[in-house]
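Structure record follows, encoded as structure tokens.
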Amino acid sequence: MLRKLCFLLLILLCSLGAVRAQDTSTQSPSPTLTRSQLAKQRDLLLRYGTRLQIVQERYGVVDRLLEVATPEQEQAIQSLRISPSQAMDLIKVAQDNMPEGELTDEAWKEFRRKIQPRFEDILGSDQFDVLLELPPSAQQVERLKDILAQAANTPEGQAAYQASNDLSASLTDSQRKFLQPFLDLAKPSTSAAALTPVAEAPSTSAVERRLVYLKRTSLGDIYAETDPSYIFVDRLPHRYRVEGGNPAVLAAVSNESGYPVRILGSYEGDVLKVADTKLLGPPPVMALSGGGTIWRGRLPARVVSTSPPTVELDLGRGQTITAELDFSGNGQAEFARYASAPFLVEGTCMVFADKTTLSDLKFFPWDPPQAPFQMSALLQASEEFLQSAADEYLDSHPDKFSGSSRDISFQVDQIGVTMQGCQPGQVRLCGRASLAHSGLTVLQGDFEAVAQVSLVKDNVQIKPVPGSLMLRATYPVYAVAPSNWMATLEKIMGNGYLQGSSVALPQDFRDKLTKAGILEATQIDQMQLFTAPAQDRRLGLLALAAPAASPTAAANVLKSRIQNPGELAVALTDETINAALRKKIPEMLPILRDIPEDLQAQGGVKLTQVEIPELDLAYSAGTVLINNCVINVHWSYGIFGGVEPGVRLKGSALLGGGGEPFKVTAKLKVDQMDFLSTRITEMPADEQQKLKDKLLSTLQDRNWELEITERLAIPALGPRAALVPTSLKGTATPAELLFQGRLDP
């Protein structure tokens, strides 16, 4: 039996003779629809799609259509190879040559005559010959029409036909012409019998309580939806058709924007079957009052108290929250098993005022991610940071993710990066695309693919994992493409898809590291990439680590250093900083810096600059140790000027950084100060001490600003994209200097 999506699309196109294209030469432009009119159309289209989905579920229409394919057509698809770029070229050629008016037999022949040489140029003669073997024969077309008519003659098909008529009445002429093949799928026939239902497969979905939002359309239809913005164990939105439950209760706790509820039922495919209301215990539909924060996630936890049962949840990104456990549904026995060991808890978290409750509980064992590595430098990015980067790339490259022709437009609405369900070293790329006509979204779908990520020179290579591609229509029908369809689609796309792509690191990434003395070029070439997959999207972590220049203690590069949501962290070990200081300070000497204006006037003499001809520094846990520092002073007095020997210092400087705009400061602590100027050393001891006290007060009572790069451009993401530092601090365990940063904009 053939399970090939592309064949299904071909046979449906060829079996529906009423396909029409927009006639722009004789028609006036499509009327502009109001927001309320488009909303009504969307609701009617969703109702029609849902009715068609019910027909498919009860009668297995798709399987019956696919059985029409011949072995030769199956073989042709197996040998077809079309790269994604070729597919886009084919679509463009078809759009540019689409006949105006009705697609009659003569118009169809003329259309094929025009596109044939262009298609052959794009595919090559061999692959074009394969493509010609796919269109169904006249006998197959009649059989396909008969199957659709039989489906339309069922009670469910008649309900779909009524929904089709209601939708058709709301459409403009151009919209109706475009959607006519889809509308005709439910067209009944007096000459065809009705299909018999297929045997219903037993449900494999267990009854559980989940957090959803109940939405009610303008037509009164009720759907349950989830969204990754508050369901952190999901990566894409999902819509469920609701079956069962008390209609009055469902209507009361649903509205157009959606109302948060916890529903007990079975969740399978796109259907939510509400549990029987006769079950003992809490009601199956539990509405949640507004004014609070509600989400569901799976997080590391530790026990704070057993009475009442309370845990501290690690939200990642340096955030925690304390929640009381609600065992009214389930979980008490499982909690007892995990209370004395590290564990994960999944639940619906409800934060109202100063009380946080975790309900609908599941418990799992947990081992913190480990990746010991002898590192010199480390970059960590959270999933939220990666998502921000993906959003910026989508916004900055609209031409790569959208297109339009006449009243028809296509665009990728969102792209995402997550590590949910991945193995170490992998990421999951996902997104949502839509097709619209005159402002009405007529088709929407999700896509996913797992990719192996590696660092090659200064490029992040992203290579799809074979067998991981997933496509799912989400509007107006819900349909997941079978895995064997996806395997064939991967073959059709060929090596161009399987070889993946790469994203360049910032252009001056290598230069800045080597010029600063932080890393050698060989260390950059030996960088390794690590990932910490998690089932909650707030915990996923990507790490890029450079090896140590000499043997040193291994650090866990997957222990999160990120302190705020949506940021990244850069860690430099104490050994790395000290090596950079030993290398770069001799190259920098002598160091000249302007004296702040408020300190320049000193008893009629103007002090203009300080000069540091000698400097010996070391670094430890956020503090710069000043082993030796000689400071001379440049001065002027009228037409005279010169350089006066100043002081020799020993002490330390505590580093810190933050603020808008970002600034790095050093707060000095002087342990020893010796004057070098004979003008001062020849002064009486008490006057020398007064001068020393004044200088110490000046030096130690202010934060001295240090120069640092404020932005690091990332042109691969977009012309505006840059990394912006947000904070800097030192840590003792592990001994590192930590920079935090975010993506701008």
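Identifiers in this document derive from the order of the structure tokens: chains are assigned A, B, ..., residues are numbered from 1 separately in each chain, and ligands are numbered from 1 in order of occurrence.
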
Write out as a ChimeraX atom specification each polymer residue whose atoms come within 8 Å of Ala481 of chain A, counting only C-alpha atoms; drop sequence neighbours fewer than 3 positions from it.
/A:5,470-472,485-486

How would the residues just chosen look if you wrote them out with all heavy atoms as an mmCIF file, in the first residue's frame?
data_model
loop_
_atom_site.group_PDB
_atom_site.id
_atom_site.type_symbol
_atom_site.label_atom_id
_atom_site.label_comp_id
_atom_site.auth_asym_id
_atom_site.auth_seq_id
_atom_site.Cartn_x
_atom_site.Cartn_y
_atom_site.Cartn_z
ATOM 1 N N LEU A 5 2.766 11.111 0.665
ATOM 2 C CA LEU A 5 2.010 12.350 0.669
ATOM 3 C C LEU A 5 1.961 13.021 -0.698
ATOM 4 O O LEU A 5 0.933 13.537 -1.117
ATOM 5 C CB LEU A 5 2.624 13.313 1.703
ATOM 6 C CG LEU A 5 1.964 14.681 1.840
ATOM 7 C CD1 LEU A 5 0.515 14.528 2.255
ATOM 8 C CD2 LEU A 5 2.707 15.537 2.860
ATOM 9 N N MET A 470 9.229 15.437 10.657
ATOM 10 C CA MET A 470 7.809 15.288 10.958
ATOM 11 C C MET A 470 7.043 16.462 10.361
ATOM 12 O O MET A 470 7.462 17.611 10.480
ATOM 13 C CB MET A 470 7.583 15.239 12.474
ATOM 14 C CG MET A 470 6.128 14.937 12.889
ATOM 15 S SD MET A 470 5.001 16.361 12.828
ATOM 16 C CE MET A 470 5.641 17.361 14.145
ATOM 17 N N LEU A 471 5.929 16.162 9.704
ATOM 18 C CA LEU A 471 5.017 17.187 9.196
ATOM 19 C C LEU A 471 3.633 16.924 9.762
ATOM 20 O O LEU A 471 3.202 15.773 9.861
ATOM 21 C CB LEU A 471 4.966 17.170 7.666
ATOM 22 C CG LEU A 471 6.267 17.504 6.917
ATOM 23 C CD1 LEU A 471 6.051 17.371 5.419
ATOM 24 C CD2 LEU A 471 6.745 18.899 7.260
ATOM 25 N N ARG A 472 2.943 18.015 10.114
ATOM 26 C CA ARG A 472 1.619 17.853 10.707
ATOM 27 C C ARG A 472 0.745 19.027 10.296
ATOM 28 O O ARG A 472 1.102 20.186 10.538
ATOM 29 C CB ARG A 472 1.739 17.807 12.236
ATOM 30 C CG ARG A 472 0.403 17.677 12.958
ATOM 31 C CD ARG A 472 0.622 17.526 14.457
ATOM 32 N NE ARG A 472 1.128 18.745 15.062
ATOM 33 C CZ ARG A 472 1.688 18.802 16.275
ATOM 34 N NH1 ARG A 472 1.872 17.683 16.951
ATOM 35 N NH2 ARG A 472 2.087 19.946 16.780
ATOM 36 N N TRP A 485 6.083 8.036 5.180
ATOM 37 C CA TRP A 485 5.992 9.138 4.225
ATOM 38 C C TRP A 485 7.209 10.043 4.375
ATOM 39 O O TRP A 485 7.817 10.489 3.402
ATOM 40 C CB TRP A 485 4.745 9.980 4.483
ATOM 41 C CG TRP A 485 3.452 9.346 4.082
ATOM 42 C CD1 TRP A 485 3.212 8.035 3.823
ATOM 43 C CD2 TRP A 485 2.226 10.026 3.907
ATOM 44 N NE1 TRP A 485 1.909 7.847 3.503
ATOM 45 C CE2 TRP A 485 1.270 9.055 3.546
ATOM 46 C CE3 TRP A 485 1.822 11.355 4.025
ATOM 47 C CZ2 TRP A 485 -0.054 9.369 3.306
ATOM 48 C CZ3 TRP A 485 0.510 11.675 3.786
ATOM 49 C CH2 TRP A 485 -0.414 10.687 3.423
ATOM 50 N N MET A 486 7.545 10.327 5.641
ATOM 51 C CA MET A 486 8.653 11.243 5.905
ATOM 52 C C MET A 486 9.988 10.646 5.451
ATOM 53 O O MET A 486 10.866 11.359 4.962
ATOM 54 C CB MET A 486 8.713 11.583 7.393
ATOM 55 C CG MET A 486 7.503 12.376 7.885
ATOM 56 S SD MET A 486 7.353 13.989 7.064
ATOM 57 C CE MET A 486 6.223 13.603 5.722
#

Can you tell me, as a PyMOL selection string, which residues in segment 190-399 of chain A count as strand (DSSP E or B) by DSSP?
chain A and resi 207-216+222-226+231+238-243+255+259-268+271-274+285-287+293-306+309-316+319-325+343-352+355-365+372-373+375-382

Identify, on the basis of only C-alpha atoms, every residue whose closest approach to Glu268 of chain A does not exceed 8 Å; exclude the query and any residue fewer than 2 positions from it along the same chain; express the result as a list in words.
Ser203, Thr204, Ser205, Ser266, Asp270, Val271 and Leu272 of chain A

Could you list, as a PyMOL selection string, every residue within 9 Å of Phe352 of chain A, counting only C-alpha atoms and ignoring same-chain residues fewer than 6 positions away?
chain A and resi 290-294

Store the residues of this selection in a file with all heavy atoms, as a tab-separated table (two decimals), in the first residue's frame.
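New file again-v7.tsv:
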chain	number	residue	atom	x	y	z
A	290	GLY	N	-8.89	33.74	37.27
A	290	GLY	CA	-7.90	34.62	36.68
A	290	GLY	C	-7.07	35.33	37.73
A	290	GLY	O	-7.24	35.14	38.94
A	291	GLY	N	-6.16	36.15	37.27
A	291	GLY	CA	-5.35	36.93	38.19
A	291	GLY	C	-4.10	36.25	38.69
A	291	GLY	O	-3.37	36.80	39.51
A	292	GLY	N	-3.81	35.05	38.22
A	292	GLY	CA	-2.62	34.34	38.64
A	292	GLY	C	-1.76	33.94	37.46
A	292	GLY	O	-2.07	34.21	36.31
A	293	THR	N	-0.65	33.30	37.77
A	293	THR	CA	0.25	32.75	36.76
A	293	THR	C	0.09	31.24	36.75
A	293	THR	O	0.20	30.59	37.80
A	293	THR	CB	1.71	33.12	37.08
A	293	THR	OG1	1.83	34.54	37.13
A	293	THR	CG2	2.65	32.56	36.02
A	294	ILE	N	-0.18	30.67	35.56
A	294	ILE	CA	-0.47	29.24	35.45
A	294	ILE	C	0.40	28.66	34.35
A	294	ILE	O	0.44	29.20	33.24
A	294	ILE	CB	-1.96	29.00	35.14
A	294	ILE	CG1	-2.84	29.70	36.18
A	294	ILE	CG2	-2.27	27.51	35.11
A	294	ILE	CD1	-4.28	29.84	35.77

Please provide the set of residues having any atom within 8 Å of Ser83 of chain A, restricted to only C-alpha atoms, with same-chain residues fewer than 2 positions apart removed, written as a PyMOL selection string.
chain A and resi 81+85-87+492-494+496-497

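Minimum distance to Asn246 of chain A across A:Met98, A:Leu440, A:Asp234, A:Val274 (counting only C-alpha atoms) occurs at A:Val274.
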
Can you pull out the residues contacting segment 540-549 of chain A? Cut-off 10 Å, using only C-alpha atoms, and skip same-chain residues under 6 positions away; I want them as a ChimeraX atom specification.
/A:316-317,369,371,373-386,418-420,424-427,453-455,519-520,522-534,557-560,562,568-573,575-576,579

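From atom CA of Arg537 of chain A back to atom CA of Phe662 of chain A, the distance works out to 28.6 Å.
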